[in-house]
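Data file: input.txt. Format and content: compact mmCIF, C-alpha atoms.
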# COMPACT_ATOMS: atom_id res chain seq x y z
CA ALA A 1 -43.00 -19.99 -40.53
CA GLU A 2 -46.28 -18.14 -39.95
CA TYR A 3 -48.18 -21.39 -39.56
CA ALA A 4 -45.52 -22.77 -37.21
CA ARG A 5 -45.73 -19.61 -35.08
CA ALA A 6 -49.49 -20.03 -34.77
CA ARG A 7 -49.08 -23.71 -33.78
CA ALA A 8 -46.40 -22.79 -31.24
CA CYS A 9 -48.73 -20.27 -29.60
CA PHE A 10 -51.46 -22.89 -29.45
CA GLN A 11 -49.13 -25.45 -27.89
CA ALA A 12 -47.96 -22.85 -25.38
CA GLY A 13 -51.57 -22.29 -24.31
CA GLN A 14 -51.80 -18.86 -25.90
CA GLN A 15 -55.17 -19.45 -27.57
CA THR A 16 -55.94 -15.82 -28.40
CA ASN A 17 -52.55 -15.25 -30.02
CA ALA A 18 -52.85 -18.52 -31.93
CA PHE A 19 -56.27 -17.47 -33.20
CA THR A 20 -54.86 -14.16 -34.41
CA TYR A 21 -51.93 -15.85 -36.16
CA PHE A 22 -54.07 -18.55 -37.79
CA THR A 23 -56.64 -16.07 -39.09
CA ASN A 24 -53.87 -13.79 -40.40
CA PHE A 25 -52.26 -16.81 -42.05
CA LEU A 26 -55.55 -17.56 -43.82
CA VAL A 27 -55.81 -13.98 -45.08
CA HIS A 28 -52.24 -13.83 -46.36
CA PHE A 29 -51.84 -17.41 -47.63
CA PRO A 30 -55.31 -18.68 -48.64
CA THR A 31 -53.98 -21.17 -51.19
CA ASN A 32 -51.12 -22.53 -49.09
CA GLU A 33 -51.20 -26.28 -48.50
CA LEU A 34 -51.45 -25.61 -44.74
CA ALA A 35 -54.46 -23.29 -45.11
CA PRO A 36 -57.05 -26.08 -44.65
CA LEU A 37 -55.35 -27.09 -41.38
CA ALA A 38 -55.33 -23.47 -40.22
CA GLN A 39 -59.03 -23.21 -41.08
CA TRP A 40 -59.68 -26.44 -39.13
CA TRP A 41 -57.97 -24.92 -36.10
CA VAL A 42 -60.02 -21.70 -36.36
CA ALA A 43 -63.27 -23.68 -36.59
CA GLY A 44 -62.24 -25.74 -33.56
CA TYR A 45 -61.40 -22.58 -31.63
CA TYR A 46 -64.91 -21.24 -32.17
CA TYR A 47 -66.32 -24.61 -31.13
CA ARG A 48 -64.23 -25.54 -28.09
CA VAL A 49 -63.03 -22.19 -26.71
CA VAL A 50 -65.57 -19.54 -27.68
CA GLY A 51 -68.65 -21.77 -27.83
CA ASP A 52 -69.96 -19.92 -30.89
CA LEU A 53 -71.66 -22.81 -32.69
CA LYS A 54 -72.75 -20.80 -35.72
CA ALA A 55 -69.22 -19.47 -36.30
CA ALA A 56 -67.76 -22.95 -35.79
CA GLU A 57 -70.18 -24.47 -38.29
CA GLN A 58 -69.44 -21.75 -40.86
CA ASN A 59 -65.69 -22.20 -40.44
CA TYR A 60 -65.90 -25.97 -40.87
CA GLN A 61 -67.96 -25.35 -44.01
CA LEU A 62 -65.20 -23.16 -45.40
CA ILE A 63 -62.89 -26.16 -45.49
CA TYR A 64 -64.98 -28.34 -47.78
CA LEU A 65 -66.54 -25.51 -49.80
CA ASN A 66 -63.34 -23.61 -50.61
CA THR A 67 -62.84 -23.66 -54.38
CA ASN A 68 -59.06 -23.53 -53.91
CA TRP A 69 -59.21 -26.88 -52.15
CA LEU A 70 -62.03 -28.57 -54.10
CA ALA A 71 -59.57 -29.68 -56.79
CA CYS A 72 -58.10 -31.99 -54.15
CA LEU A 73 -61.26 -34.08 -54.23
CA LYS A 74 -60.43 -35.03 -57.80
CA THR A 75 -56.74 -35.70 -57.21
CA ASN A 76 -57.19 -37.51 -53.88
CA CYS A 77 -54.66 -35.31 -52.06
CA PRO A 78 -54.30 -35.38 -48.25
CA VAL A 79 -56.73 -32.47 -47.87
CA THR A 80 -59.53 -34.73 -49.12
CA ASN A 81 -59.83 -36.61 -45.82
CA LEU A 82 -59.84 -33.32 -43.91
CA MET A 83 -62.65 -32.06 -46.14
CA TYR A 84 -64.81 -35.05 -45.23
CA GLN A 85 -63.93 -34.62 -41.56
CA ALA A 86 -64.85 -30.94 -41.78
CA ARG A 87 -68.28 -31.77 -43.18
CA MET A 88 -68.70 -34.29 -40.37
CA MET A 89 -67.74 -31.70 -37.75
CA ALA A 90 -70.07 -29.10 -39.28
CA GLY A 91 -72.83 -31.67 -38.87
CA ARG A 92 -71.87 -32.33 -35.26
CA VAL A 93 -71.94 -28.61 -34.55
CA ALA A 94 -75.35 -28.30 -36.23
CA PHE A 95 -76.53 -31.22 -34.09
CA ASP A 96 -75.21 -29.53 -30.93
CA ARG A 97 -77.12 -26.36 -31.76
CA GLN A 98 -80.20 -28.55 -32.34
CA GLY A 99 -80.25 -27.77 -36.06
CA TRP A 100 -81.25 -31.34 -36.78
CA SER A 101 -82.66 -30.82 -40.26
CA ASP A 102 -79.48 -28.93 -41.26
CA ALA A 103 -77.32 -31.70 -39.81
CA GLN A 104 -79.32 -34.32 -41.67
CA GLN A 105 -79.71 -32.52 -45.00
CA TYR A 106 -76.43 -30.67 -45.47
CA TYR A 107 -73.89 -32.72 -43.58
CA PHE A 108 -74.66 -36.30 -42.62
CA GLY A 109 -76.94 -37.04 -45.59
CA PRO A 110 -74.34 -36.07 -48.21
CA LEU A 111 -71.65 -38.03 -46.37
CA VAL A 112 -73.64 -41.27 -46.18
CA THR A 113 -74.51 -41.10 -49.88
CA ASP A 114 -70.98 -40.23 -51.06
CA SER A 115 -69.34 -43.48 -52.16
CA ASN A 116 -65.94 -41.71 -52.22
CA CYS A 117 -66.19 -40.83 -48.53
CA PRO A 118 -63.70 -42.86 -46.46
CA PRO A 119 -65.51 -45.81 -44.83
CA ASN A 120 -64.67 -44.77 -41.28
CA ILE A 121 -66.08 -41.26 -41.76
CA ARG A 122 -69.06 -42.63 -43.66
CA ALA A 123 -69.78 -45.03 -40.77
CA GLN A 124 -69.57 -42.14 -38.30
CA ALA A 125 -71.98 -40.21 -40.51
CA TRP A 126 -74.47 -43.11 -40.50
CA ILE A 127 -74.39 -43.16 -36.69
CA ALA A 128 -74.77 -39.39 -36.51
CA TYR A 129 -77.57 -39.56 -39.10
CA GLY A 130 -79.43 -42.08 -36.93
CA ASP A 131 -78.85 -40.01 -33.79
CA THR A 132 -80.16 -36.96 -35.62
CA LEU A 133 -83.30 -38.76 -36.74
CA VAL A 134 -84.09 -39.84 -33.18
CA SER A 135 -83.30 -36.41 -31.70
CA GLN A 136 -85.41 -34.67 -34.31
CA ASN A 137 -88.45 -36.83 -33.63
CA PRO A 138 -88.67 -40.00 -31.52
CA THR A 139 -91.06 -41.50 -34.07
CA ASN A 140 -88.10 -41.73 -36.46
CA ILE A 141 -86.76 -44.75 -34.58
CA PRO A 142 -87.35 -47.24 -37.44
CA GLN A 143 -85.38 -45.03 -39.85
CA ALA A 144 -82.63 -44.58 -37.26
CA VAL A 145 -82.38 -48.36 -36.82
CA THR A 146 -81.91 -48.67 -40.59
CA ALA A 147 -79.14 -46.05 -40.44
CA TYR A 148 -77.34 -47.87 -37.62
CA GLU A 149 -77.55 -51.14 -39.57
CA GLN A 150 -75.52 -49.57 -42.41
CA VAL A 151 -72.43 -49.29 -40.21
CA SER A 152 -71.77 -53.01 -39.93
CA SER A 153 -71.43 -53.31 -43.70
CA LEU A 154 -68.91 -50.43 -43.82
CA CYS A 155 -66.82 -51.31 -40.77
CA PRO A 156 -67.78 -54.81 -39.56
CA SER A 157 -64.84 -55.28 -37.18
CA ASN A 158 -64.49 -51.66 -36.11
CA GLU A 159 -65.50 -50.13 -32.77
CA LEU A 160 -68.02 -48.07 -34.74
CA ALA A 161 -69.94 -51.27 -35.51
CA ALA A 162 -70.25 -51.95 -31.78
CA LEU A 163 -71.36 -48.38 -31.17
CA ALA A 164 -73.97 -48.65 -33.91
CA LEU A 165 -75.27 -51.91 -32.42
CA GLY A 166 -75.62 -50.20 -29.05
CA GLN A 167 -77.49 -47.29 -30.59
CA LYS A 168 -79.74 -49.70 -32.48
CA ALA A 169 -80.49 -51.63 -29.28
CA SER A 170 -81.27 -48.40 -27.45
CA CYS A 171 -83.73 -47.42 -30.17
CA LEU A 172 -85.35 -50.83 -30.18
CA LEU A 173 -85.67 -50.72 -26.40
CA GLN A 174 -87.44 -47.35 -26.63
CA TYR A 175 -89.69 -48.70 -29.35
CA ALA A 176 -90.37 -52.03 -27.61
CA PRO A 177 -93.00 -50.87 -25.10
CA THR A 178 -95.26 -49.83 -27.96
CA MET A 179 -94.60 -53.08 -29.82
CA GLN A 180 -94.70 -55.23 -26.64
CA ASN A 181 -91.60 -56.99 -27.90
CA TYR A 182 -88.22 -56.72 -26.19
CA ALA A 183 -86.57 -59.58 -28.07
CA ASP A 184 -85.18 -57.34 -30.82
CA ALA A 185 -83.60 -54.99 -28.29
CA THR A 186 -81.99 -57.77 -26.27
CA ASN A 187 -80.67 -59.46 -29.41

For the file at hand, write its structure as structure tokens.
Amino acid sequence: AEYARARACFQAGQQTNAFTYFTNFLVHFPTNELAPLAQWWVAGYYYRVVGDLKAAEQNYQLIYLNTNWLACLKTNCPVTNLMYQARMMAGRVAFDRQGWSDAQQYYFGPLVTDSNCPPNIRAQAWIAYGDTLVSQNPTNIPQAVTAYEQVSSLCPSNELAALALGQKASCLLQYAPTMQNYADATN
């Protein structure tokens, strides 16, 4: 009922009340099966409404680092997918705050190397990893191209594969003037 009240406030456009109800829910029911979803909402509130990137990143971290929910990784419960998504979002927030080494080391890197990560999220992480490399230092283009190439093996017929090809072409186009070769970019 408490969770439903918080959701109802959110759907009614009462963001501040929803925030209060979700945070109270987390305090009173930290092990409830809906707690990870409440934590996801709180993290999103900091990100989309308040614009507090550090608080958003910390709240996304709470989802995949919470010891009450870590057991789900072993039992493959529904929270598992949310935990991977939360790590992905923490990385996106770190990227937005220009914390590129944090995004690469703590979020995207672990996702791309985790063979249990769902392929779709892992493909998104490869794209984000490549984007992070390029944003961190434009000389990282060859490594970013390698990251983008990983996506087609994970999701060959997915829209993410097309996105990765576009990102790869963009990198190769940027790199082409120094190589005097535009063929790779156009291909």

Expected residue set, 12 Å radius at (-77.4, -32.4, -42.4), only C-alpha atoms, as JSON, numbers by chain: {"A": [57, 61, 87, 88, 89, 90, 91, 92, 93, 94, 95, 98, 99, 100, 101, 102, 103, 104, 105, 106, 107, 108, 109, 110, 111, 112, 113, 125, 126, 128, 129, 130, 131, 132, 133, 136]}

d(atom CA of A:Ala12, atom CA of A:Leu26) in Å: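 Atom CA of A:Ala12 sits 20.6 Å away from atom CA of A:Leu26.
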
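Straight-line separation from atom CA of A:Val42 to atom CA of A:Ser135: 27.9 Å.
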
Distance query A:Leu163 at most 12 Å, only C-alpha atoms, self and fewer than 3 positions along chain excluded, as an NGL selection string: :A and (123-124 or 126-128 or 130-131 or 148-149 or 151-152 or 155-160 or 166-170)

Nearest to A:Tyr21 by atom-to-atom distance, counting only C-alpha atoms, from A:Gln150, A:Ala144, A:Arg7, A:Ala86: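 Of all the options, A:Arg7 lies closest to A:Tyr21.
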
Spatial neighbours of A:Ala4, max dist 12 Å, all atoms listed in the file, sep filter under 3 positions, as a list in words: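 Non-adjacent residues within range: Ala1, Arg7, Ala8, Cys9, Phe10, Gln11, Ala18, Tyr21, Phe22, Phe25, Leu34, Ala35, Leu37 and Ala38 of chain A.
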